[in-house]
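Asker: This one is entry05.cif, mmCIF, C-alpha atoms.
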```cif
data_protein
#
loop_
_atom_site.label_atom_id
_atom_site.label_comp_id
_atom_site.auth_asym_id
_atom_site.auth_seq_id
_atom_site.Cartn_x
_atom_site.Cartn_y
_atom_site.Cartn_z
CA MET A 1 54.23 121.54 101.88
CA SER A 2 51.90 121.02 98.94
CA ALA A 3 53.02 121.83 95.41
CA ALA A 4 50.33 124.50 95.25
CA SER A 5 51.69 126.35 98.27
CA ALA A 6 55.26 126.08 96.99
CA ALA A 7 54.67 127.79 93.66
CA THR A 8 53.73 131.37 92.86
CA GLY A 9 51.52 132.94 90.20
CA SER A 10 49.10 131.33 87.80
CA ALA A 11 49.46 127.77 86.56
CA ALA A 12 51.37 129.08 83.53
CA GLU A 13 53.68 131.29 85.59
CA ARG A 14 54.47 129.08 88.56
CA ALA A 15 57.88 129.35 90.17
CA ALA A 16 59.51 127.36 92.95
CA THR A 17 62.90 127.34 94.65
CA ALA A 18 64.55 124.34 96.27
CA ARG A 19 67.80 123.58 98.04
CA ALA A 20 69.61 120.25 98.21
CA PHE A 21 72.95 119.11 99.54
CA PRO A 22 75.49 116.74 98.00
CA ASN A 23 75.98 113.25 99.38
CA ILE A 24 79.17 111.26 99.64
CA ALA A 25 78.78 107.53 99.14
CA LEU A 26 80.21 105.18 101.75
CA VAL A 27 79.24 102.23 99.56
CA LYS A 28 79.74 103.51 96.04
CA TYR A 29 77.49 103.63 92.99
CA TRP A 30 79.51 102.92 89.86
CA GLY A 31 77.74 101.40 86.88
CA LYS A 32 74.23 101.16 85.47
CA ARG A 33 72.21 98.20 84.31
CA ASP A 34 69.71 100.46 82.49
CA GLU A 35 70.95 103.75 80.98
CA ALA A 36 67.49 105.04 80.05
CA LEU A 37 65.97 104.59 83.52
CA MET A 38 69.28 105.25 85.34
CA LEU A 39 68.99 102.00 87.28
CA PRO A 40 72.20 101.10 89.12
CA ALA A 41 74.00 97.80 88.76
CA ALA A 42 74.02 97.54 92.57
CA GLY A 43 72.67 99.44 95.54
CA SER A 44 74.65 102.06 97.46
CA LEU A 45 74.71 103.97 100.74
CA SER A 46 75.69 107.56 101.44
CA LEU A 47 75.80 110.48 103.86
CA THR A 48 74.00 113.66 102.81
CA LEU A 49 76.08 116.64 103.95
CA ASP A 50 75.11 119.87 105.67
CA ALA A 51 77.32 121.99 103.39
CA TYR A 52 77.99 122.74 99.70
CA ALA A 53 74.30 123.23 98.83
CA THR A 54 72.78 123.77 95.41
CA THR A 55 69.89 126.24 95.29
CA THR A 56 67.68 126.13 92.21
CA THR A 57 64.72 128.19 91.03
CA VAL A 58 62.43 126.89 88.28
CA THR A 59 60.15 129.49 86.66
CA LEU A 60 57.65 128.40 84.03
CA ASP A 61 57.59 130.68 80.97
CA PRO A 62 54.60 130.00 78.69
CA THR A 63 56.01 132.36 76.03
CA ALA A 64 59.39 130.60 75.72
CA ALA A 65 60.20 128.35 72.78
CA GLU A 66 62.87 126.46 74.73
CA ASP A 67 64.28 126.00 78.21
CA ARG A 68 67.01 128.22 79.61
CA PHE A 69 69.58 127.27 82.24
CA GLU A 70 71.87 129.52 84.25
CA LEU A 71 74.53 128.11 86.59
CA ASN A 72 76.24 130.43 89.06
CA GLY A 73 74.95 133.39 87.07
CA GLU A 74 76.29 132.17 83.72
CA PRO A 75 74.00 131.06 80.84
CA GLN A 76 74.67 127.42 79.93
CA ASP A 77 74.52 125.66 76.59
CA GLY A 78 75.76 122.36 75.18
CA ASP A 79 75.57 119.22 77.30
CA ARG A 80 74.64 120.96 80.55
CA LEU A 81 71.62 122.63 78.98
CA ARG A 82 70.63 119.42 77.17
CA ARG A 83 70.68 117.42 80.42
CA VAL A 84 68.45 119.96 82.17
CA ALA A 85 66.08 120.19 79.20
CA ARG A 86 65.79 116.39 78.94
CA PHE A 87 65.00 116.23 82.63
CA LEU A 88 62.36 118.93 82.30
CA ASP A 89 60.86 117.00 79.37
CA LEU A 90 60.34 114.10 81.76
CA VAL A 91 58.71 116.39 84.32
CA ARG A 92 56.47 117.95 81.66
CA GLU A 93 55.41 114.54 80.40
CA ARG A 94 54.39 113.47 83.90
CA ALA A 95 52.62 116.78 84.56
CA GLY A 96 50.82 116.98 81.21
CA SER A 97 52.39 120.40 80.53
CA THR A 98 54.08 121.96 77.51
CA ALA A 99 55.44 125.05 79.29
CA HIS A 100 59.17 125.63 79.06
CA ALA A 101 61.12 126.90 82.04
CA ILE A 102 63.92 129.15 83.17
CA VAL A 103 66.23 127.30 85.58
CA ARG A 104 68.67 129.26 87.73
CA SER A 105 71.06 127.26 89.93
CA ARG A 106 73.90 128.14 92.24
CA ASN A 107 76.44 125.60 93.48
CA GLU A 108 78.38 126.23 96.67
CA ALA A 109 80.71 123.32 95.85
CA PRO A 110 83.06 123.27 92.85
CA THR A 111 81.12 121.98 89.85
CA GLY A 112 82.25 118.66 88.36
CA ALA A 113 85.18 118.22 90.74
CA GLY A 114 84.11 115.01 92.44
CA LEU A 115 82.17 116.61 95.31
CA ALA A 116 78.75 115.42 94.13
CA SER A 117 77.55 118.69 92.61
CA SER A 118 75.40 116.74 90.12
CA ALA A 119 73.67 114.95 93.02
CA SER A 120 72.74 118.16 94.79
CA GLY A 121 71.96 119.83 91.46
CA PHE A 122 69.43 117.31 90.20
CA ALA A 123 67.92 116.79 93.66
CA ALA A 124 67.27 120.53 93.87
CA LEU A 125 66.00 120.62 90.29
CA ALA A 126 63.67 117.66 90.85
CA THR A 127 62.20 119.29 93.95
CA ALA A 128 61.77 122.75 92.45
CA ALA A 129 60.46 121.47 89.11
CA SER A 130 57.99 119.12 90.82
CA ALA A 131 56.56 122.02 92.79
CA ALA A 132 56.44 124.35 89.77
CA TYR A 133 54.74 121.77 87.54
CA GLY A 134 52.47 120.38 90.28
CA LEU A 135 53.93 116.89 90.69
CA PRO A 136 54.01 114.89 93.98
CA LEU A 137 56.59 115.98 96.55
CA ASP A 138 56.83 112.85 98.72
CA PRO A 139 60.42 111.63 99.23
CA ALA A 140 60.06 108.35 97.29
CA SER A 141 58.56 110.09 94.24
CA LEU A 142 61.23 112.79 94.32
CA SER A 143 64.01 110.25 94.77
CA ARG A 144 62.85 108.25 91.74
CA LEU A 145 62.56 111.44 89.70
CA ALA A 146 65.94 112.86 90.75
CA ARG A 147 67.55 109.53 89.82
CA ARG A 148 66.62 110.14 86.18
CA GLY A 149 68.82 113.24 86.08
CA SER A 150 71.81 111.87 88.01
CA GLY A 151 71.79 108.52 89.73
CA SER A 152 73.33 109.73 92.98
CA ALA A 153 70.77 112.56 93.16
CA ALA A 154 68.30 109.92 94.36
CA ARG A 155 70.18 109.93 97.67
CA SER A 156 70.38 113.73 98.08
CA ILE A 157 66.60 113.83 98.46
CA ILE A 158 67.06 112.01 101.78
CA PRO A 159 68.59 113.50 104.97
CA GLY A 160 71.56 111.93 106.72
CA VAL A 161 72.48 108.36 105.84
CA SER A 162 70.43 106.73 103.08
CA VAL A 163 70.39 103.54 101.06
CA TRP A 164 69.61 103.66 97.34
CA HIS A 165 67.93 100.40 96.40
CA ALA A 166 68.98 99.00 93.03
CA GLY A 167 65.40 97.78 92.63
CA THR A 168 63.90 95.78 89.79
CA GLY A 169 62.54 98.75 87.83
CA ASP A 170 61.66 102.43 88.02
CA GLU A 171 59.17 102.10 90.88
CA THR A 172 61.49 100.17 93.18
CA SER A 173 64.77 102.07 92.64
CA PHE A 174 64.81 104.92 95.15
CA ALA A 175 66.56 106.02 98.33
CA GLU A 176 65.30 105.94 101.90
CA PRO A 177 66.79 106.78 105.31
CA VAL A 178 68.97 104.37 107.29
CA PRO A 179 69.59 104.69 111.06
CA ALA A 180 73.31 105.13 111.68
CA PRO A 181 75.64 106.39 114.39
CA GLU A 182 76.49 110.08 114.40
CA MET A 183 79.62 110.91 112.44
CA ARG A 184 81.44 113.82 110.87
CA MET A 185 83.07 114.09 107.48
CA VAL A 186 86.27 116.04 106.91
CA ILE A 187 86.38 117.28 103.32
CA VAL A 188 89.88 117.78 101.93
CA THR A 189 89.63 119.75 98.68
CA VAL A 190 92.92 119.16 96.89
CA ASP A 191 91.78 120.34 93.42
CA GLU A 192 88.69 122.38 92.55
CA ARG A 193 89.10 122.12 88.77
CA GLN A 194 86.50 120.31 86.71
CA LYS A 195 87.64 116.77 85.99
CA ALA A 196 88.68 115.87 82.46
CA ILE A 197 86.28 112.93 82.10
CA SER A 198 82.80 112.97 83.59
CA SER A 199 81.57 110.33 85.98
CA ARG A 200 78.91 109.30 83.49
CA GLU A 201 81.44 108.75 80.71
CA ALA A 202 83.95 106.96 82.96
CA MET A 203 81.21 104.77 84.44
CA ARG A 204 80.14 103.65 80.99
CA LEU A 205 83.75 103.00 79.94
CA THR A 206 84.41 100.93 83.07
CA ALA A 207 81.33 98.76 82.55
CA LEU A 208 82.22 98.15 78.91
CA THR A 209 85.95 97.49 79.18
CA SER A 210 87.10 96.50 82.67
CA PRO A 211 87.75 92.77 83.08
CA PHE A 212 86.97 93.22 86.79
CA TYR A 213 83.59 94.92 86.45
CA ALA A 214 81.44 91.86 87.23
CA GLY A 215 83.44 91.30 90.42
CA TRP A 216 82.96 94.95 91.34
CA VAL A 217 79.17 94.61 91.08
CA SER A 218 78.96 91.41 93.13
CA SER A 219 81.34 92.73 95.80
CA THR A 220 79.35 95.96 96.04
CA GLU A 221 76.21 93.98 96.83
CA GLN A 222 78.12 92.20 99.61
CA SER A 223 79.59 95.46 100.91
CA LEU A 224 76.16 97.07 101.02
CA GLU A 225 74.69 94.19 103.03
CA ALA A 226 77.61 94.41 105.49
CA MET A 227 77.30 98.20 105.71
CA LEU A 228 73.58 98.08 106.46
CA GLU A 229 74.29 95.63 109.27
CA ALA A 230 77.07 97.87 110.63
CA CYS A 231 74.74 100.89 110.56
CA ARG A 232 72.02 98.99 112.38
CA ASP A 233 74.54 97.93 115.02
CA GLY A 234 75.97 101.44 115.38
CA ASP A 235 79.42 99.99 114.66
CA PHE A 236 81.49 102.99 113.51
CA THR A 237 84.69 100.97 113.14
CA ARG A 238 83.10 98.52 110.74
CA ILE A 239 81.40 101.37 108.84
CA GLY A 240 84.79 103.02 108.43
CA ARG A 241 86.60 99.90 107.27
CA ILE A 242 83.94 99.14 104.66
CA THR A 243 83.95 102.77 103.51
CA GLU A 244 87.70 102.96 102.90
CA SER A 245 87.98 99.51 101.35
CA HIS A 246 85.09 100.11 98.98
CA ALA A 247 86.44 103.46 97.84
CA LEU A 248 89.80 101.94 96.94
CA ARG A 249 88.04 99.10 95.09
CA MET A 250 86.06 101.61 93.06
CA HIS A 251 89.13 103.56 92.03
CA ALA A 252 90.93 100.32 91.21
CA VAL A 253 88.16 99.18 88.85
CA ILE A 254 88.04 102.63 87.22
CA GLN A 255 91.78 102.45 86.58
CA SER A 256 91.29 99.01 85.02
CA ALA A 257 89.17 100.48 82.21
CA ASP A 258 90.57 100.74 78.69
CA PRO A 259 91.85 103.40 78.37
CA PRO A 260 92.48 103.73 82.11
CA VAL A 261 90.86 106.57 84.04
CA ARG A 262 92.64 107.92 87.10
CA TYR A 263 90.82 110.37 89.34
CA LEU A 264 93.06 110.19 92.42
CA SER A 265 96.11 112.45 92.31
CA PRO A 266 99.37 111.96 94.22
CA THR A 267 98.01 114.37 96.83
CA SER A 268 94.83 112.30 97.11
CA ILE A 269 96.89 109.20 97.82
CA ALA A 270 98.92 111.15 100.37
CA VAL A 271 95.68 112.00 102.22
CA PHE A 272 94.72 108.30 102.31
CA ASP A 273 98.18 107.52 103.70
CA ALA A 274 97.88 110.27 106.30
CA VAL A 275 94.55 108.82 107.47
CA VAL A 276 96.18 105.42 107.95
CA ALA A 277 98.90 107.15 109.98
CA LEU A 278 96.22 108.80 112.13
CA ARG A 279 94.74 105.40 112.92
CA ASP A 280 98.17 104.11 113.83
CA ARG A 281 98.33 106.96 116.39
CA GLY A 282 94.94 106.02 117.82
CA VAL A 283 92.74 108.59 116.01
CA GLU A 284 90.03 106.59 114.28
CA ALA A 285 89.30 107.95 110.79
CA TYR A 286 88.65 106.44 107.37
CA ALA A 287 89.07 107.95 103.90
CA THR A 288 86.91 107.80 100.81
CA ALA A 289 86.76 109.63 97.48
CA ASP A 290 84.13 109.86 94.80
CA ALA A 291 85.03 110.20 91.12
CA GLY A 292 87.53 113.00 91.58
CA PRO A 293 90.73 113.90 93.44
CA ASN A 294 89.11 115.32 96.56
CA VAL A 295 89.11 113.15 99.67
CA CYS A 296 86.45 112.82 102.36
CA VAL A 297 87.31 111.39 105.77
CA ILE A 298 84.75 110.08 108.23
CA ALA A 299 85.40 110.35 111.93
CA ARG A 300 83.59 110.26 115.23
CA PRO A 301 82.36 113.74 116.25
CA ALA A 302 84.90 113.97 119.08
CA ASP A 303 87.81 113.28 116.68
CA ALA A 304 86.78 115.45 113.72
CA ASP A 305 88.75 118.58 114.65
CA ALA A 306 91.92 116.57 115.29
CA VAL A 307 91.54 114.88 111.92
CA ALA A 308 91.01 118.23 110.20
CA ASP A 309 94.10 119.71 111.87
CA ALA A 310 96.22 116.76 110.74
CA LEU A 311 95.14 117.15 107.10
CA GLN A 312 95.56 120.92 106.69
CA GLU A 313 98.74 120.56 104.65
CA PHE A 314 96.97 118.77 101.79
CA GLY A 315 94.39 121.38 100.78
CA ARG A 316 91.37 123.32 101.94
CA VAL A 317 89.78 121.43 104.85
CA ARG A 318 86.22 121.65 106.15
CA VAL A 319 84.38 119.63 108.78
CA VAL A 320 80.76 118.86 107.88
CA GLY A 321 78.00 116.78 109.37
CA ALA A 322 74.80 115.05 108.33
CA GLY A 323 72.51 117.36 106.41
CA ALA A 324 68.87 117.81 105.54
CA GLY A 325 67.14 116.28 102.58
CA ALA A 326 66.06 118.34 99.59
CA GLU A 327 63.63 121.05 100.61
CA LEU A 328 61.49 123.81 99.17
CA ILE A 329 62.44 127.32 100.25
CA ALA A 330 60.72 130.69 99.82
CA ALA A 331 61.32 132.44 96.50
CA ASP A 332 59.39 135.59 97.45
CA PRO A 333 57.20 136.77 100.33
CA GLU A 334 54.14 134.98 98.93
CA LEU A 335 55.72 131.57 99.48
CA ALA A 336 55.58 129.62 102.70
CA THR A 337 58.78 129.31 104.66
CA GLY A 338 59.67 125.87 103.28
CA ALA A 339 59.48 122.27 104.31
CA THR A 340 61.51 119.15 103.92
CA ALA A 341 60.50 117.36 100.77
#
```
Can you give me the file's structure in the form of structure tokens?
Answerer:
Amino acid sequence: MSAASAATGSAAERAATARAFPNIALVKYWGKRDEALMLPAAGSLSLTLDAYATTTTVTLDPTAAEDRFELNGEPQDGDRLRRVARFLDLVRERAGSTAHAIVRSRNEAPTGAGLASSASGFAALATAASAAYGLPLDPASLSRLARRGSGSAARSIIPGVSVWHAGTGDETSFAEPVPAPEMRMVIVTVDERQKAISSREAMRLTALTSPFYAGWVSSTEQSLEAMLEACRDGDFTRIGRITESHALRMHAVIQSADPPVRYLSPTSIAVFDAVVALRDRGVEAYATADAGPNVCVIARPADADAVADALQEFGRVRVVGAGAGAELIAADPELATGATA
């Protein structure tokens, strides 16, 4: 879908709505080598989900003196508004526009709880804002743009499994699809509260203070190479082993920061232990967790329901699959029905 067909009204009054899903990294992103361009210290690989979407509408308002941002129906200020406004400044600069915007977003996942709401949020914002301001909507352009709002948002532009290339600069750091075997992810939500320290802050602290950070970066590069090979081979067992090992390495390096940051709770650890027990009983599953207490477990499609049943005691459980990339959706009857970005 072209940007023109995705937006309504005159050039000054354009509006567009987009939807994007969170992604859960199987090879984790943790650390930047360039804060301004949001370039990662190493590449990563993830699965975009088919649940917990963010839906965002961007409406240009030529009469406004500043941007406005509403999240789940509540007006936002402070850091959340500043992050959105800075991102829109980047879009305006690229589009040659001075028009401010009203941004209305709704998260289906808990916000800031380690279920990648920032990834889906900025992927949806990048897609909707690009359409409203008339910027390119091809996946590589959107992935590079979304990265500037939240690094992992680069991957939520892409459906299914994707690799985010660390790249050598802005033009070469983006995500693209990776062929992989079909799998399911069992989400175990053990705590929906917003975490006390943001991923961005904890990432910076880890890079600055952990004595193990350099080893984390080099081992991530090795893990990514091994994971890409496992995906190409359709080797679910190797994908699972790399996934679980890399998650535990990430949380170990985070805890080695000064002061230490601990995202995993005792219940989180109990879920990891329960997954090991499942494997001992012959049910192949592997656990991972982003920067938060909630645990995601990958399994073969045939085993997903059994894994979910075994983990019911630890929290709210949901089985999800591979989802679509960021897409434009109709905001009113004048819009087309939508297309994958």
Asker: Give the answer as one residue: which of A:Leu145, A:Ala128, A:Ala64, A:Val320 has the shortest atom-to-atom distance to Ser173 of chain A, using all atoms listed in the file?
Answerer: A:Leu145
Asker: Give me the result of the PyMOL selection byres ((chain A and resi 90-93) around 12) on this file, residue by residue, as a count of residues only.
Answerer: 40
Asker: Counting all atoms listed in the file, give me one row per residue of segment 18-76 of chain A with an atom at most 10 Å from an atom of segment 249-268 of chain A, showing the shortest contact pair and its distance in Å to one decimal, sorted by chain then residue number, as a tab-separated table.
Answerer:
```
residue	atom	partner	partner_atom	distance
A:Val27	CA	A:Met250	CA	9.4
A:Lys28	CA	A:Met250	CA	7.2
A:Tyr29	CA	A:Met250	CA	8.8
A:Trp30	CA	A:Met250	CA	7.4
```
Asker: Return the single residue from A:Ser46, A:Gln312, A:Gln76, A:Asn294 that is closest to Asp191 of chain A, with distances computed using only C-alpha atoms.
Answerer: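 Residue with the minimum atom-to-atom distance to Asp191 of chain A: A:Asn294.
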Asker: With only C-alpha atoms as the atoms that count, which of A:Val163, A:Val295, A:Ala306, A:Ala154 lies nearest to Leu39 of chain A?
Answerer: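 Of all the options, A:Ala154 lies closest to Leu39 of chain A.
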